[in-house]
Number of protein chains: 4
Amino acid sequence: MSDQPTSKEVFSWPVRVYWEDTDAGGIVFYANYLKFFERSRTEWLRAKGIHQHDLRQATGGMFVVGQADVRYLKSARLDDELCITTTLLDAGRASMSIHQQAFLQAPTGRELLCQATIRAGWVNASSLKPDRIPLQILHALT
Amino acid sequence: MSDQPTSKEVFSWPVRVYWEDTDAGGIVFYANYLKFFERSRTEWLRAKGIHQHDLRQATGGMFVVGQADVRYLKSARLDDELCITTTLLDAGRASMSIHQQAFLQAPTGRELLCQATIRAGWVNASSLKPDRIPLQILHALT
Amino acid sequence: MSDQPTSKEVFSWPVRVYWEDTDAGGIVFYANYLKFFERSRTEWLRAKGIHQHDLRQATGGMFVVGQADVRYLKSARLDDELCITTTLLDAGRASMSIHQQAFLQAPTGRELLCQATIRAGWVNASSLKPDRIPLQILHALT
Amino acid sequence: MSDQPTSKEVFSWPVRVYWEDTDAGGIVFYANYLKFFERSRTEWLRAKGIHQHDLRQATGGMFVVGQADVRYLKSARLDDELCITTTLLDAGRASMSIHQQAFLQAPTGRELLCQATIRAGWVNASSLKPDRIPLQILHALT
């Protein structure tokens with residue numbers, strides 16, 4: 001009955017912070033967490049057998065983000081080792097909602113740095129018009 | 001009495017879409033709108049006489065984004081000319097809230113592509129601990 | 001008789017350094033000068049009536065960089081105002097060579113920060129195979 | 001007597017191509033190979049016990065790239081798996097030269113996509129003036 005995230009499968013992907021990710025503030029530039037989240041989503045899809053490049057060749061469609069609500073709690077720095085999680089909240093016919101978190105892997109345990117709720121919709125890659133998520137994806141996801 | 005954005009000053013900054021901004025979907029990569037929004041916020045501050053690099057040298061502080069709620073409505077493409085707006089919603093002692101929009105400058109008028117509410121807090125640049133926004137900034141902003 | 005760059009037309013494009021361009025060293029990340037150079041090349045082409053997105057739709061081709069030799073002399077910092085130049089060295093049937101420089105616009109004059117020689121070839125955008133530069137481009141360039 | 005690269009230690013680091021790395025041409029944006037090369041250099045240093053963030057805290061110095069000569073042979077695409085190598089060519093008191101290659105990991109073997117010679121100098125992180133590479137680094141490298 002419960003719909004708690006704790007009951008959901010949580011996919012984790014490691015990310016190292018490089019010079020390219022940081023800014024003159026000495027911390028990871030705020031836009032770059034969206035890159036980290038995208039990498040984790042892509043690897044989560046890949047782990048389910050979904051390869052986005054092949055899929056686009058086959059179906060002519062792709063995911064496009066429609067909404068991103070991000071909370072920044074603490075900052076990551078150069079050389080930090082992060083763990084980026086992806087948890088499916090729900091998947092409908094045209095879009096899916098995903099919960100994502102970025103943790104610092106500290107010697108004393110992991111610390112939450114940033115979290116986001118992302119909604120991604122499926123579109124025709126040429127027209128960019130919304131379309132139904134292919135069934136093979138929906139079956140792999142749920 | 002009204003708190004409508006329409007009653008607020010709206011700052012605009014032009015942005016051109018270059019190859020670096022796009023991805024293999026043929027559209028602007030979703031994280032890059034946060035770059036565009038940051039450019040417009042920086043130019044809005046500059047227009048008010050606030051230079052972030054000098055200010056950090058002088059005060060040891062800087063703005064850090066704590067929250068970004070982004071809605072993606074339509075996609076921008078290579079060579080598109082965008083207009084990125086910045087509107088101050090409110091400024092407190094430690095943080096400010098800003099409304100931002102990205103418009104496509106189309107021959108037939110402008111079209112809303114993406115919008116966000118951003119909250120930025122002031123921190124000590126070394127410790128990254130929250131601090132009070134310097135009065136010279138508050139006075140310039142409000 | 002002379003082939004000095006001084007005898008060539010020099011196109012200039014202003015670039016401001018934003019947070020996104022810098023890294024934790026407090027300076028512009030070395031890869032980002034290639035973004036600045038690309039922006040200047042694109043605006044140089046646009047000034048000659050060449051719009052890359054439209055051209056790709058019309059011809060199915062695009063420029064791809066084959067060679068970039070970059071010298072970094074001094075570093076740019078947050079808020080710096082740069083001027084990025086583009087000078088055509090030569091254009092053949094399949095590729096062109098370009099000289100590019102990044103200058104700091106300092107109160108006391110401009111200072112050379114970085115320079116590069118770039119060779120860009122024309123390719124079929126689907127196959128990525130080298131192709132002849134369309135005549136309309138060659139005529140516009142030379 | 002020989003100074004062939006084949007007699008040198010070659011460090012390899014895997015890199016996956018994500019959406020963030022590609023552009024509207026459907027391929028990896030040319031500046032992003034410099035990001036990949038930097039990641040491999042950083043991991044090569046880390047494998048030798050050199051952590052750049054810690055080192056900067058301890059010595060006040062950092063590496064800055066002075067020269068990058070890049071040849072682009074073939075293009076990488078979304079989802080491609082790359083292998084990025086780093087080979088030390090020589091290390092002097094103030095700078096080092098490095099040879100780097102980006103290979104596509106194809107089912108049929110690996111294919112060279114891009115290669116570069118990079119020269120990185122050691123500078124004081126505040127003044128950005130050239131300085132001698134700390135001995136602990138030189139000893140770890142050679």
# chains A, B, ... in the order shown; residues from 1 in each chain; ligands from 1
>>> select_by_dssp(residues="stretch 21-61 of chain C", states="helix (DSSP H, G or I)", output="count of residues only")
25
>>> closest_atom_pairs(of="chain D", to="chain A", cutoff="10 Å", atoms="only C-alpha atoms", output="CSV")
residue,atom,partner,partner_atom,distance
D:Arg16,CA,A:Arg39,CA,9.2
D:Val17,CA,A:Arg39,CA,9.3
D:Tyr18,CA,A:Arg39,CA,6.5
D:Trp19,CA,A:Glu38,CA,7.9
D:Glu20,CA,A:Lys35,CA,6.5
D:Asp21,CA,A:Lys35,CA,9.6
D:Asn32,CA,A:Glu20,CA,9.6
D:Leu34,CA,A:Glu20,CA,9.5
D:Lys35,CA,A:Glu20,CA,6.5
D:Phe36,CA,A:Glu20,CA,9.5
D:Glu38,CA,A:Trp19,CA,7.9
D:Arg39,CA,A:Tyr18,CA,6.5
D:Thr42,CA,A:Tyr18,CA,7.8
D:Glu43,CA,A:Tyr18,CA,9.6
D:Arg46,CA,A:Asp79,CA,9.5
D:His51,CA,A:Asp79,CA,7.5
D:Gln52,CA,A:Asp79,CA,7.6
D:His53,CA,A:Leu78,CA,6.2
D:Asp54,CA,A:Asp79,CA,8.9
D:Arg77,CA,A:His53,CA,8.5
D:Leu78,CA,A:His53,CA,6.2
D:Asp79,CA,A:His53,CA,6.4
D:Asp80,CA,A:His53,CA,9.2
>>> residues_around(residues="B:Ser97", least_positions_apart="6", cutoff="8 Å", atoms="only C-alpha atoms", output="list in words")
Leu88, Leu89, Asp90, Ala91, Thr117, Ile118, Arg119 and Ala120 of chain B
>>> write_last_selection(atoms="N, CA, C and O atoms", output="compact mmCIF listing (two decimals), in the first residue's frame")
# COMPACT_ATOMS: atom_id res chain seq x y z
N LEU B 88 13.43 40.14 -10.03
CA LEU B 88 13.57 39.89 -8.59
C LEU B 88 12.20 39.69 -7.99
O LEU B 88 11.32 40.56 -8.13
N LEU B 89 11.99 38.57 -7.29
CA LEU B 89 10.71 38.35 -6.61
C LEU B 89 10.78 38.91 -5.19
O LEU B 89 9.91 39.63 -4.76
N ASP B 90 11.82 38.53 -4.45
CA ASP B 90 12.04 39.16 -3.15
C ASP B 90 13.47 38.90 -2.69
O ASP B 90 14.11 37.95 -3.12
N ALA B 91 13.94 39.81 -1.84
CA ALA B 91 15.30 39.71 -1.31
C ALA B 91 15.24 39.85 0.20
O ALA B 91 14.69 40.83 0.71
N THR B 117 12.16 29.42 -11.32
CA THR B 117 12.29 30.21 -10.11
C THR B 117 13.59 29.75 -9.44
O THR B 117 13.80 28.54 -9.26
N ILE B 118 14.43 30.72 -9.16
CA ILE B 118 15.75 30.44 -8.61
C ILE B 118 15.86 31.13 -7.25
O ILE B 118 15.49 32.29 -7.12
N ARG B 119 16.34 30.41 -6.24
CA ARG B 119 16.67 31.05 -4.98
C ARG B 119 18.18 30.97 -4.80
O ARG B 119 18.78 29.91 -4.94
N ALA B 120 18.79 32.14 -4.55
CA ALA B 120 20.24 32.21 -4.37
C ALA B 120 20.53 32.78 -2.99
O ALA B 120 19.94 33.79 -2.60
>>> residues_around(residues="stretch 107-114 of chain A", least_positions_apart="3", cutoff="9 Å", atoms="only C-alpha atoms", output="ChimeraX atom specification")
/A:33,70-76,82-83,100-104
>>> select_by_dssp(residues="chain B", states="strand (DSSP E)", output="PyMOL selection string")
chain B and resi 11-16+61-72+81-91+95-106+109-124
>>> residues_around(residues="A:Val10", least_positions_apart="3", cutoff="8 Å", atoms="only C-alpha atoms", output="short mmCIF file (atom, residue, chain, number, x, y, z; two decimals) with all heavy atoms, in the first residue's frame")
data_model
loop_
_atom_site.label_atom_id
_atom_site.label_comp_id
_atom_site.auth_asym_id
_atom_site.auth_seq_id
_atom_site.Cartn_x
_atom_site.Cartn_y
_atom_site.Cartn_z
N THR A 85 22.05 8.85 -7.54
CA THR A 85 21.01 7.83 -7.59
C THR A 85 19.86 8.23 -8.51
O THR A 85 19.61 9.41 -8.76
CB THR A 85 20.42 7.57 -6.19
OG1 THR A 85 19.71 8.72 -5.76
CG2 THR A 85 21.51 7.22 -5.19
N THR A 86 19.18 7.21 -8.99
CA THR A 86 18.00 7.38 -9.85
C THR A 86 16.92 6.44 -9.36
O THR A 86 17.16 5.23 -9.23
CB THR A 86 18.35 7.03 -11.32
OG1 THR A 86 19.33 7.96 -11.80
CG2 THR A 86 17.13 7.10 -12.22
N THR A 87 15.75 6.97 -9.08
CA THR A 87 14.62 6.15 -8.64
C THR A 87 13.39 6.54 -9.44
O THR A 87 13.00 7.72 -9.46
CB THR A 87 14.32 6.41 -7.14
OG1 THR A 87 15.52 6.27 -6.39
CG2 THR A 87 13.27 5.45 -6.62
#
>>> atom_distance(atom1="atom CA of A:Ile133", atom2="atom CA of B:Gly26")
19.6 Å
>>> atom_distance(atom1="atom CA of B:Ala58", atom2="atom CA of D:Thr59")
24.7 Å
>>> residues_around(residues="C:Thr22", least_positions_apart="5", cutoff="6 Å", atoms="only C-alpha atoms", output="PDB file with N, CA and C atoms, in the first residue's frame")
ATOM      1  N   ASP A  23      33.654  25.665 -10.669  1.00  0.00           N
ATOM      2  CA  ASP A  23      33.740  27.048 -11.123  1.00  0.00           C
ATOM      3  C   ASP A  23      34.633  27.858 -10.185  1.00  0.00           C
ATOM      4  N   ALA A  24      34.749  29.147 -10.456  1.00  0.00           N
ATOM      5  CA  ALA A  24      35.684  29.984  -9.702  1.00  0.00           C
ATOM      6  C   ALA A  24      35.312  30.091  -8.225  1.00  0.00           C
TER       7      ALA A  24
ATOM      8  N   ILE C  27      40.214  30.509 -12.907  1.00  0.00           N
ATOM      9  CA  ILE C  27      40.472  30.994 -14.264  1.00  0.00           C
ATOM     10  C   ILE C  27      39.583  30.253 -15.268  1.00  0.00           C
ATOM     11  N   VAL C  28      39.574  30.731 -16.502  1.00  0.00           N
ATOM     12  CA  VAL C  28      38.791  30.063 -17.543  1.00  0.00           C
ATOM     13  C   VAL C  28      39.392  28.683 -17.832  1.00  0.00           C
ATOM     14  N   PHE C  29      38.554  27.653 -17.781  1.00  0.00           N
ATOM     15  CA  PHE C  29      38.972  26.274 -18.060  1.00  0.00           C
ATOM     16  C   PHE C  29      39.494  26.176 -19.495  1.00  0.00           C
TER      17      PHE C  29
END
>>> residues_around(residues="C:Gln136", least_positions_apart="5", cutoff="12 Å", atoms="only C-alpha atoms", output="PyMOL selection string")
chain C and resi 45+48-51+55+58-59+93+141-142
>>> closest_residue(among="C:Arg56, C:Lys129, C:Lys8, C:His99", to="C:Ile84", atoms="only C-alpha atoms")
C:His99
